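**Q** The structure follows.
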Amino acid sequence: MARQNAASALAAALVLGVFAPILTEVQSIGVCNGMLGDNLPSPADVVQFYQSEGIGAMRIYAPDPETLRALDGTGIDLIMDVGNGDLLALASDPAAAAGWVRDNVLAYPGVRVKYVAAGNEVDGDDTRNILPAMKNLNDALAAAGRGDVKVSTAVKMSVLASSSPPSDGAFKDAYMTDVAQLLKATGAPLLANVYPYFAIKGDPNIDLSYALFQQSTTTVSDNGLTYINLFDAMVDAVYTAMEKVGAAGVPIVVSESGWPSAGGVEASVENAQTYNQNLINHVGNGTPKRPGPLEMYIFAMFNENQKDGDETEKNFGLFNGPDKSPVYPLSFNN
């Protein structure tokens, strides 16, 4: 796009309080589509809204037939989660995995399923189901001629026993070694949910500016690399952990990142806008350890008034309910 046109689009976005519809130029950025609300637009309206805002990638947290039908032919890339409650069945029975692939991938040939996530932030004893579910899904996709769809799992930062400094990054549990080796063998990325917000909530000694990508007095020097924001340090800790289990070449996809606009400590419209805009502007650069564009999904498209947990969980959205009004303006013209 010509510079003048891009500038005009940005100006319009700032005036109207919506996204500049030019995300197709930044293929590494998507937005998560959570559905835990009773005031959300219909799936067809949501998909149309992604298109009108130029958002070229979506994540959903379980197969949803209405959303999948609406995505057909749109060209929107998709991360589709296996619901955590379905992991045991898929881990235990290859036929169940084949049925899942048939019903949710093969049934929608016009949907660009990029990744299947075998669970989201699985913990406790259920982690034992991740690896066999991934294997069965990989086998089912290969048998169906859809080996282009990569199978992974989405992890939170607590899978690390240590993350600071980044060179100390190491996985806490042995199952992640096997997961990492499978990702390496299949050419799939590790999906990581990376939230500086929760880090600063858990440790008030972290400088807010360091978490928001703003100029900060905090600078971390680590093995010849310099970190001036918390996001990069967190992502590189995951890269280091992957290296330590022999999976150095496996890419990281940030499958969630965001900041709440209300409901808790340091949760405000100003901080949410600052974090997400700076994140969008930053991810094209990659991290000190891995320069280059980083694939990333902002959480989330809409505020979700039926989410469990702290009040902040209901306030990560970029937009409000059925009227699709923006919580704050953002531009993807980075």
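Just remember, in the structure tokens the first chain shown is A, the second B, etc., residues are 1-based per chain, and ligands are 1-based in the order shown.
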Quick one: residues within 9 Å of A:Tyr108, only C-alpha atoms counted, chain neighbours fewer than 2 positions away excluded, as a list in words?

**A**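 Result of the neighbour search: Leu68, Arg69, Leu71, Asp72, Asp103, Asn104, Val105, Leu106, Gly110, Val111 and Arg112 of chain A.
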
**Q** Could you save those same residues with C-alpha atoms as a PDB file, in the first residue's frame?

**A**
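Resulting contents of result06.pdb:
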ATOM      1  CA  LEU A  68     -16.392 -22.961  10.634  1.00  0.00           C
ATOM      2  CA  ARG A  69     -19.180 -22.560   8.085  1.00  0.00           C
ATOM      3  CA  LEU A  71     -14.976 -19.087   7.708  1.00  0.00           C
ATOM      4  CA  ASP A  72     -15.364 -21.212   4.580  1.00  0.00           C
ATOM      5  CA  ASP A 103     -15.911 -33.724  11.520  1.00  0.00           C
ATOM      6  CA  ASN A 104     -13.883 -30.562  12.090  1.00  0.00           C
ATOM      7  CA  VAL A 105     -11.273 -30.378   9.335  1.00  0.00           C
ATOM      8  CA  LEU A 106     -12.308 -32.505   6.361  1.00  0.00           C
ATOM      9  CA  GLY A 110     -12.615 -24.227   2.397  1.00  0.00           C
ATOM     10  CA  VAL A 111     -11.411 -23.341   5.908  1.00  0.00           C
ATOM     11  CA  ARG A 112      -7.705 -22.614   6.246  1.00  0.00           C
TER      12      ARG A 112
END

**Q** Which polymer residues have any atom within 12 Å of an atom of A:Asp125, counting only C-alpha atoms, with same-chain residues fewer than 2 positions away left out, as a PDB file with N, CA and C atoms, in the first residue's frame?

**A**
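The resulting result11.pdb:
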ATOM      1  N   LEU A  87      -9.567 -34.214  25.292  1.00  0.00           N
ATOM      2  CA  LEU A  87      -8.211 -34.735  25.120  1.00  0.00           C
ATOM      3  C   LEU A  87      -8.111 -36.217  25.460  1.00  0.00           C
ATOM      4  N   LEU A  88      -8.729 -36.635  26.545  1.00  0.00           N
ATOM      5  CA  LEU A  88      -8.613 -38.028  26.970  1.00  0.00           C
ATOM      6  C   LEU A  88      -9.113 -38.978  25.892  1.00  0.00           C
ATOM      7  N   VAL A 122      -3.243 -26.899  29.550  1.00  0.00           N
ATOM      8  CA  VAL A 122      -3.567 -28.129  30.274  1.00  0.00           C
ATOM      9  C   VAL A 122      -2.615 -28.262  31.463  1.00  0.00           C
ATOM     10  N   ASP A 123      -3.151 -28.683  32.604  1.00  0.00           N
ATOM     11  CA  ASP A 123      -2.276 -28.853  33.760  1.00  0.00           C
ATOM     12  C   ASP A 123      -2.683 -30.081  34.558  1.00  0.00           C
ATOM     13  N   THR A 127      -2.112 -33.501  31.782  1.00  0.00           N
ATOM     14  CA  THR A 127      -0.995 -33.300  30.851  1.00  0.00           C
ATOM     15  C   THR A 127      -0.547 -34.614  30.225  1.00  0.00           C
ATOM     16  N   ARG A 128      -0.841 -35.739  30.876  1.00  0.00           N
ATOM     17  CA  ARG A 128      -0.438 -37.033  30.318  1.00  0.00           C
ATOM     18  C   ARG A 128      -1.165 -37.334  29.007  1.00  0.00           C
ATOM     19  N   ASN A 129      -2.268 -36.627  28.751  1.00  0.00           N
ATOM     20  CA  ASN A 129      -3.044 -36.877  27.533  1.00  0.00           C
ATOM     21  C   ASN A 129      -2.556 -36.066  26.339  1.00  0.00           C
ATOM     22  N   ILE A 130      -1.709 -35.076  26.572  1.00  0.00           N
ATOM     23  CA  ILE A 130      -1.323 -34.177  25.486  1.00  0.00           C
ATOM     24  C   ILE A 130      -0.573 -34.916  24.387  1.00  0.00           C
ATOM     25  N   ASP A 173       8.401 -29.830  33.813  1.00  0.00           N
ATOM     26  CA  ASP A 173       7.955 -31.223  33.801  1.00  0.00           C
ATOM     27  C   ASP A 173       8.493 -31.973  32.589  1.00  0.00           C
ATOM     28  N   TYR A 175       7.177 -34.155  30.639  1.00  0.00           N
ATOM     29  CA  TYR A 175       6.337 -34.368  29.460  1.00  0.00           C
ATOM     30  C   TYR A 175       6.620 -33.356  28.362  1.00  0.00           C
TER      31      TYR A 175
END

**Q** Hey, what does DSSP flag as alpha helix (DSSP H) within stretch 142-294 of chain A? Can you give it to me as a PDB file with N, CA and C atoms, in the first residue's frame?

**A**
ATOM      1  N   ALA A 142      -2.547 -37.002   8.661  1.00  0.00           N
ATOM      2  CA  ALA A 142      -1.713 -37.554   7.592  1.00  0.00           C
ATOM      3  C   ALA A 142      -2.502 -38.555   6.757  1.00  0.00           C
ATOM      4  N   ALA A 143      -3.264 -39.418   7.421  1.00  0.00           N
ATOM      5  CA  ALA A 143      -4.052 -40.420   6.705  1.00  0.00           C
ATOM      6  C   ALA A 143      -5.114 -39.779   5.828  1.00  0.00           C
ATOM      7  N   TYR A 175       7.177 -34.155  30.639  1.00  0.00           N
ATOM      8  CA  TYR A 175       6.337 -34.368  29.460  1.00  0.00           C
ATOM      9  C   TYR A 175       6.620 -33.356  28.362  1.00  0.00           C
ATOM     10  N   MET A 176       7.094 -32.164  28.734  1.00  0.00           N
ATOM     11  CA  MET A 176       7.370 -31.151  27.722  1.00  0.00           C
ATOM     12  C   MET A 176       8.545 -31.530  26.834  1.00  0.00           C
ATOM     13  N   THR A 177       9.453 -32.364  27.333  1.00  0.00           N
ATOM     14  CA  THR A 177      10.548 -32.842  26.484  1.00  0.00           C
ATOM     15  C   THR A 177       9.996 -33.657  25.327  1.00  0.00           C
ATOM     16  N   ASP A 178       9.075 -34.568  25.621  1.00  0.00           N
ATOM     17  CA  ASP A 178       8.487 -35.400  24.575  1.00  0.00           C
ATOM     18  C   ASP A 178       7.637 -34.574  23.619  1.00  0.00           C
ATOM     19  N   VAL A 179       6.898 -33.606  24.151  1.00  0.00           N
ATOM     20  CA  VAL A 179       6.110 -32.718  23.292  1.00  0.00           C
ATOM     21  C   VAL A 179       7.029 -31.954  22.351  1.00  0.00           C
ATOM     22  N   ALA A 180       8.117 -31.413  22.882  1.00  0.00           N
ATOM     23  CA  ALA A 180       9.055 -30.648  22.059  1.00  0.00           C
ATOM     24  C   ALA A 180       9.666 -31.510  20.967  1.00  0.00           C
ATOM     25  N   GLN A 181       9.992 -32.743  21.289  1.00  0.00           N
ATOM     26  CA  GLN A 181      10.579 -33.629  20.287  1.00  0.00           C
ATOM     27  C   GLN A 181       9.577 -33.971  19.186  1.00  0.00           C
ATOM     28  N   LEU A 182       8.312 -34.133  19.549  1.00  0.00           N
ATOM     29  CA  LEU A 182       7.296 -34.393  18.526  1.00  0.00           C
ATOM     30  C   LEU A 182       7.121 -33.176  17.626  1.00  0.00           C
ATOM     31  N   LEU A 183       7.106 -31.989  18.199  1.00  0.00           N
ATOM     32  CA  LEU A 183       6.999 -30.772  17.387  1.00  0.00           C
ATOM     33  C   LEU A 183       8.174 -30.670  16.420  1.00  0.00           C
ATOM     34  N   LYS A 184       9.346 -30.995  16.896  1.00  0.00           N
ATOM     35  CA  LYS A 184      10.532 -30.964  16.040  1.00  0.00           C
ATOM     36  C   LYS A 184      10.391 -31.951  14.887  1.00  0.00           C
ATOM     37  N   ALA A 185       9.884 -33.140  15.176  1.00  0.00           N
ATOM     38  CA  ALA A 185       9.753 -34.175  14.151  1.00  0.00           C
ATOM     39  C   ALA A 185       8.702 -33.831  13.109  1.00  0.00           C
ATOM     40  N   THR A 186       7.652 -33.117  13.507  1.00  0.00           N
ATOM     41  CA  THR A 186       6.542 -32.832  12.591  1.00  0.00           C
ATOM     42  C   THR A 186       6.622 -31.450  11.958  1.00  0.00           C
ATOM     43  N   PRO A 196       2.745 -10.555  29.831  1.00  0.00           N
ATOM     44  CA  PRO A 196       3.420  -9.693  30.798  1.00  0.00           C
ATOM     45  C   PRO A 196       2.478  -9.170  31.879  1.00  0.00           C
ATOM     46  N   TYR A 197       1.184  -9.017  31.553  1.00  0.00           N
ATOM     47  CA  TYR A 197       0.244  -8.531  32.559  1.00  0.00           C
ATOM     48  C   TYR A 197       0.238  -9.429  33.790  1.00  0.00           C
ATOM     49  N   PHE A 198       0.152 -10.747  33.579  1.00  0.00           N
ATOM     50  CA  PHE A 198       0.091 -11.647  34.726  1.00  0.00           C
ATOM     51  C   PHE A 198       1.421 -11.703  35.468  1.00  0.00           C
ATOM     52  N   ALA A 199       2.513 -11.490  34.740  1.00  0.00           N
ATOM     53  CA  ALA A 199       3.816 -11.435  35.409  1.00  0.00           C
ATOM     54  C   ALA A 199       3.882 -10.247  36.355  1.00  0.00           C
ATOM     55  N   ILE A 200       3.417  -9.094  35.884  1.00  0.00           N
ATOM     56  CA  ILE A 200       3.482  -7.898  36.732  1.00  0.00           C
ATOM     57  C   ILE A 200       2.450  -7.970  37.860  1.00  0.00           C
ATOM     58  N   LYS A 201       1.344  -8.629  37.605  1.00  0.00           N
ATOM     59  CA  LYS A 201       0.346  -8.821  38.662  1.00  0.00           C
ATOM     60  C   LYS A 201       0.910  -9.692  39.779  1.00  0.00           C
ATOM     61  N   GLY A 202       1.727 -10.674  39.393  1.00  0.00           N
ATOM     62  CA  GLY A 202       2.312 -11.565  40.384  1.00  0.00           C
ATOM     63  C   GLY A 202       3.546 -11.013  41.062  1.00  0.00           C
ATOM     64  N   LEU A 208       6.273  -1.252  35.442  1.00  0.00           N
ATOM     65  CA  LEU A 208       5.150  -1.243  34.505  1.00  0.00           C
ATOM     66  C   LEU A 208       5.601  -0.843  33.108  1.00  0.00           C
ATOM     67  N   SER A 209       6.463   0.124  32.996  1.00  0.00           N
ATOM     68  CA  SER A 209       6.925   0.573  31.678  1.00  0.00           C
ATOM     69  C   SER A 209       7.640  -0.550  30.934  1.00  0.00           C
ATOM     70  N   TYR A 210       8.383  -1.374  31.650  1.00  0.00           N
ATOM     71  CA  TYR A 210       9.082  -2.524  31.059  1.00  0.00           C
ATOM     72  C   TYR A 210       8.076  -3.518  30.493  1.00  0.00           C
ATOM     73  N   ALA A 211       6.935  -3.665  31.158  1.00  0.00           N
ATOM     74  CA  ALA A 211       5.893  -4.577  30.690  1.00  0.00           C
ATOM     75  C   ALA A 211       5.099  -4.010  29.522  1.00  0.00           C
ATOM     76  N   LEU A 230       9.538  -6.818  28.731  1.00  0.00           N
ATOM     77  CA  LEU A 230       9.286  -8.091  29.394  1.00  0.00           C
ATOM     78  C   LEU A 230       8.822  -9.161  28.416  1.00  0.00           C
ATOM     79  N   PHE A 231       8.044  -8.781  27.413  1.00  0.00           N
ATOM     80  CA  PHE A 231       7.532  -9.745  26.440  1.00  0.00           C
ATOM     81  C   PHE A 231       8.677 -10.517  25.799  1.00  0.00           C
ATOM     82  N   ASP A 232       9.680  -9.824  25.300  1.00  0.00           N
ATOM     83  CA  ASP A 232      10.812 -10.494  24.657  1.00  0.00           C
ATOM     84  C   ASP A 232      11.513 -11.438  25.618  1.00  0.00           C
ATOM     85  N   ALA A 233      11.689 -10.997  26.849  1.00  0.00           N
ATOM     86  CA  ALA A 233      12.366 -11.838  27.833  1.00  0.00           C
ATOM     87  C   ALA A 233      11.580 -13.123  28.087  1.00  0.00           C
ATOM     88  N   MET A 234      10.256 -13.018  28.138  1.00  0.00           N
ATOM     89  CA  MET A 234       9.427 -14.196  28.373  1.00  0.00           C
ATOM     90  C   MET A 234       9.479 -15.156  27.188  1.00  0.00           C
ATOM     91  N   VAL A 235       9.351 -14.627  25.976  1.00  0.00           N
ATOM     92  CA  VAL A 235       9.390 -15.485  24.792  1.00  0.00           C
ATOM     93  C   VAL A 235      10.745 -16.174  24.677  1.00  0.00           C
ATOM     94  N   ASP A 236      11.819 -15.440  24.909  1.00  0.00           N
ATOM     95  CA  ASP A 236      13.149 -16.038  24.778  1.00  0.00           C
ATOM     96  C   ASP A 236      13.427 -17.060  25.870  1.00  0.00           C
ATOM     97  N   ALA A 237      12.782 -16.934  27.015  1.00  0.00           N
ATOM     98  CA  ALA A 237      12.896 -17.980  28.033  1.00  0.00           C
ATOM     99  C   ALA A 237      12.296 -19.290  27.527  1.00  0.00           C
ATOM    100  N   VAL A 238      11.204 -19.204  26.763  1.00  0.00           N
ATOM    101  CA  VAL A 238      10.609 -20.409  26.180  1.00  0.00           C
ATOM    102  C   VAL A 238      11.529 -20.975  25.101  1.00  0.00           C
ATOM    103  N   TYR A 239      12.094 -20.111  24.263  1.00  0.00           N
ATOM    104  CA  TYR A 239      13.058 -20.589  23.267  1.00  0.00           C
ATOM    105  C   TYR A 239      14.218 -21.312  23.940  1.00  0.00           C
ATOM    106  N   THR A 240      14.721 -20.757  25.029  1.00  0.00           N
ATOM    107  CA  THR A 240      15.832 -21.389  25.736  1.00  0.00           C
ATOM    108  C   THR A 240      15.430 -22.757  26.273  1.00  0.00           C
ATOM    109  N   ALA A 241      14.233 -22.847  26.834  1.00  0.00           N
ATOM    110  CA  ALA A 241      13.755 -24.134  27.339  1.00  0.00           C
ATOM    111  C   ALA A 241      13.673 -25.163  26.221  1.00  0.00           C
ATOM    112  N   MET A 242      13.228 -24.741  25.047  1.00  0.00           N
ATOM    113  CA  MET A 242      13.170 -25.660  23.908  1.00  0.00           C
ATOM    114  C   MET A 242      14.569 -26.127  23.516  1.00  0.00           C
ATOM    115  N   GLU A 243      15.517 -25.226  23.522  1.00  0.00           N
ATOM    116  CA  GLU A 243      16.892 -25.596  23.202  1.00  0.00           C
ATOM    117  C   GLU A 243      17.417 -26.649  24.171  1.00  0.00           C
ATOM    118  N   LYS A 244      17.094 -26.497  25.434  1.00  0.00           N
ATOM    119  CA  LYS A 244      17.628 -27.398  26.460  1.00  0.00           C
ATOM    120  C   LYS A 244      17.066 -28.810  26.368  1.00  0.00           C
ATOM    121  N   VAL A 269      -8.012   1.032  30.438  1.00  0.00           N
ATOM    122  CA  VAL A 269      -8.074   1.247  28.993  1.00  0.00           C
ATOM    123  C   VAL A 269      -6.743   1.778  28.486  1.00  0.00           C
ATOM    124  N   GLU A 270      -6.156   2.708  29.221  1.00  0.00           N
ATOM    125  CA  GLU A 270      -4.887   3.294  28.778  1.00  0.00           C
ATOM    126  C   GLU A 270      -3.784   2.245  28.697  1.00  0.00           C
ATOM    127  N   ASN A 271      -3.655   1.416  29.724  1.00  0.00           N
ATOM    128  CA  ASN A 271      -2.603   0.400  29.710  1.00  0.00           C
ATOM    129  C   ASN A 271      -2.861  -0.663  28.650  1.00  0.00           C
ATOM    130  N   ALA A 272      -4.129  -1.058  28.486  1.00  0.00           N
ATOM    131  CA  ALA A 272      -4.456  -2.067  27.479  1.00  0.00           C
ATOM    132  C   ALA A 272      -4.150  -1.558  26.079  1.00  0.00           C
ATOM    133  N   GLN A 273      -4.543  -0.331  25.793  1.00  0.00           N
ATOM    134  CA  GLN A 273      -4.256   0.244  24.481  1.00  0.00           C
ATOM    135  C   GLN A 273      -2.748   0.365  24.263  1.00  0.00           C
ATOM    136  N   THR A 274      -2.038   0.838  25.273  1.00  0.00           N
ATOM    137  CA  THR A 274      -0.592   1.003  25.152  1.00  0.00           C
ATOM    138  C   THR A 274       0.087  -0.332  24.898  1.00  0.00           C
ATOM    139  N   TYR A 275      -0.270  -1.344  25.683  1.00  0.00           N
ATOM    140  CA  TYR A 275       0.373  -2.649  25.520  1.00  0.00           C
ATOM    141  C   TYR A 275       0.090  -3.241  24.145  1.00  0.00           C
ATOM    142  N   ASN A 276      -1.183  -3.309  23.772  1.00  0.00           N
ATOM    143  CA  ASN A 276      -1.520  -3.978  22.518  1.00  0.00           C
ATOM    144  C   ASN A 276      -0.989  -3.226  21.303  1.00  0.00           C
ATOM    145  N   GLN A 277      -1.039  -1.890  21.330  1.00  0.00           N
ATOM    146  CA  GLN A 277      -0.493  -1.151  20.195  1.00  0.00           C
ATOM    147  C   GLN A 277       1.020  -1.349  20.094  1.00  0.00           C
ATOM    148  N   ASN A 278       1.705  -1.272  21.223  1.00  0.00           N
ATOM    149  CA  ASN A 278       3.150  -1.470  21.200  1.00  0.00           C
ATOM    150  C   ASN A 278       3.520  -2.902  20.829  1.00  0.00           C
ATOM    151  N   LEU A 279       2.703  -3.856  21.247  1.00  0.00           N
ATOM    152  CA  LEU A 279       2.926  -5.249  20.861  1.00  0.00           C
ATOM    153  C   LEU A 279       2.809  -5.417  19.352  1.00  0.00           C
ATOM    154  N   ILE A 280       1.748  -4.857  18.779  1.00  0.00           N
ATOM    155  CA  ILE A 280       1.559  -4.921  17.327  1.00  0.00           C
ATOM    156  C   ILE A 280       2.750  -4.308  16.605  1.00  0.00           C
ATOM    157  N   ASN A 281       3.194  -3.170  17.096  1.00  0.00           N
ATOM    158  CA  ASN A 281       4.310  -2.479  16.451  1.00  0.00           C
ATOM    159  C   ASN A 281       5.619  -3.245  16.594  1.00  0.00           C
ATOM    160  N   HIS A 282       5.705  -4.101  17.603  1.00  0.00           N
ATOM    161  CA  HIS A 282       6.973  -4.746  17.947  1.00  0.00           C
ATOM    162  C   HIS A 282       7.184  -6.107  17.302  1.00  0.00           C
TER     163      HIS A 282
END

**Q** Tell me which protein, DNA and RNA residues are within 7 Å of A:Val82, counting only C-alpha atoms, leaving out same-chain ones fewer than 3 positions away, and put them as a list of chain:residue names.

**A**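 My list of contacting residues is A:Tyr61, A:Ala62, A:Asp86, A:Leu87, A:Ala117, A:Ala118, A:Gly119.
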
**Q** Write out as JSON, numbers by chain all residues of stretch 8-234 of chain A that backbone DSSP assigns to strand (DSSP E or B).

**A** {"A": [29, 30, 31, 32, 57, 58, 59, 60, 77, 78, 79, 80, 81, 82, 112, 113, 114, 115, 116, 117, 118, 119, 120, 150, 151, 152, 153, 154, 155, 156, 160, 161, 162, 170, 171, 190, 191, 192, 193, 220, 221, 222, 225, 226, 227]}

**Q** Take the residues that were just selected and, keeping C-alpha atoms, output them as a tab-separated table (two decimals), in the first residue's frame.

**A**
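Just written: part.tsv:
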chain	number	residue	atom	x	y	z
A	29	ILE	CA	-0.85	-11.07	13.68
A	30	GLY	CA	-4.20	-12.64	14.49
A	31	VAL	CA	-6.89	-12.18	17.13
A	32	CYS	CA	-8.39	-14.84	19.42
A	57	ALA	CA	-6.03	-14.97	11.42
A	58	MET	CA	-8.31	-16.28	14.17
A	59	ARG	CA	-8.05	-18.66	17.09
A	60	ILE	CA	-11.07	-20.54	18.45
A	77	ASP	CA	-6.03	-18.63	8.88
A	78	LEU	CA	-7.27	-20.59	11.88
A	79	ILE	CA	-5.91	-22.06	15.08
A	80	MET	CA	-8.56	-24.53	16.23
A	81	ASP	CA	-8.30	-25.97	19.72
A	82	VAL	CA	-9.36	-29.39	20.83
A	112	ARG	CA	-7.71	-22.61	6.25
A	113	VAL	CA	-6.94	-24.59	9.39
A	114	LYS	CA	-3.30	-23.81	10.11
A	115	TYR	CA	-2.82	-25.35	13.55
A	116	VAL	CA	-4.76	-27.71	15.77
A	117	ALA	CA	-4.04	-27.14	19.46
A	118	ALA	CA	-4.31	-30.29	21.56
A	119	GLY	CA	-5.56	-28.45	24.60
A	120	ASN	CA	-5.06	-25.00	26.06
A	150	LYS	CA	0.22	-28.81	12.17
A	151	VAL	CA	-0.67	-30.16	15.60
A	152	SER	CA	0.64	-28.49	18.75
A	153	THR	CA	-0.53	-27.60	22.25
A	154	ALA	CA	-0.89	-24.20	23.90
A	155	VAL	CA	1.09	-23.72	27.11
A	156	LYS	CA	1.23	-21.00	29.73
A	160	LEU	CA	8.78	-23.17	32.96
A	161	ALA	CA	10.60	-23.90	36.19
A	162	SER	CA	12.63	-20.74	35.64
A	170	ALA	CA	13.81	-24.53	31.51
A	171	PHE	CA	10.73	-26.73	31.49
A	190	LEU	CA	4.99	-24.60	20.10
A	191	LEU	CA	2.01	-22.42	20.97
A	192	ALA	CA	2.74	-20.22	23.99
A	193	ASN	CA	0.40	-17.88	25.84
A	220	VAL	CA	18.29	-6.96	31.30
A	221	SER	CA	21.65	-8.05	29.90
A	222	ASP	CA	21.85	-11.80	29.43
A	225	LEU	CA	21.62	-10.06	24.56
A	226	THR	CA	19.84	-6.97	25.85
A	227	TYR	CA	16.18	-6.94	26.86

**Q** Which residue out of A:Gly83, A:Gly258, A:Pro329, A:Gly249 has the minimum interatomic distance to A:Gly317 when only C-alpha atoms are used?

**A**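 Looking only at the distances to A:Gly317, the closest residue turns out to be A:Gly258.
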
**Q** When you look at A:Gly292 with a cut-off of 12 Å (counting only C-alpha atoms), what residues show up, excluding the ones that are within fewer than 2 positions of it in the same chain? I need them as a PDB file with C-alpha atoms, in the first residue's frame.

**A**
ATOM      1  CA  SER A  28       1.945 -12.596  11.548  1.00  0.00           C
ATOM      2  CA  PRO A 251       9.455 -21.912  16.308  1.00  0.00           C
ATOM      3  CA  ILE A 252       7.277 -20.281  18.932  1.00  0.00           C
ATOM      4  CA  HIS A 282       6.973  -4.746  17.947  1.00  0.00           C
ATOM      5  CA  VAL A 283       6.319  -8.319  16.813  1.00  0.00           C
ATOM      6  CA  GLY A 284       7.616  -7.749  13.303  1.00  0.00           C
ATOM      7  CA  ASN A 285      11.064  -7.392  14.838  1.00  0.00           C
ATOM      8  CA  GLY A 286      11.073 -10.666  16.740  1.00  0.00           C
ATOM      9  CA  THR A 287      13.098 -11.079  19.921  1.00  0.00           C
ATOM     10  CA  PRO A 288      16.786 -10.582  20.723  1.00  0.00           C
ATOM     11  CA  LYS A 289      17.308 -14.348  20.529  1.00  0.00           C
ATOM     12  CA  ARG A 290      15.179 -14.832  17.398  1.00  0.00           C
ATOM     13  CA  LEU A 294       6.948 -13.424  15.299  1.00  0.00           C
ATOM     14  CA  GLU A 295       3.514 -14.935  14.719  1.00  0.00           C
TER      15      GLU A 295
END

**Q** With only C-alpha atoms as the counted atoms, please give the residues lying no more than 8 Å from A:Ile228, apart from itself and same-chain residues fewer than 6 positions off, as a count of residues only.

**A** 7

**Q** Using only C-alpha atoms, what does the table of stretch 114-207 of chain A residues within 7 Å of stretch 90-96 of chain A look like, with each row giving the shortest atom pair and its distance in Å to one decimal, sorted by chain and ascending number, as a Markdown table?

**A**
| residue | atom | partner | partner_atom | distance |
| --- | --- | --- | --- | --- |
| A:Asn129 | CA | A:Ala91 | CA | 5.5 |
| A:Pro132 | CA | A:Ala91 | CA | 4.7 |
| A:Ala133 | CA | A:Ala91 | CA | 3.8 |
| A:Asn136 | CA | A:Pro94 | CA | 5.3 |
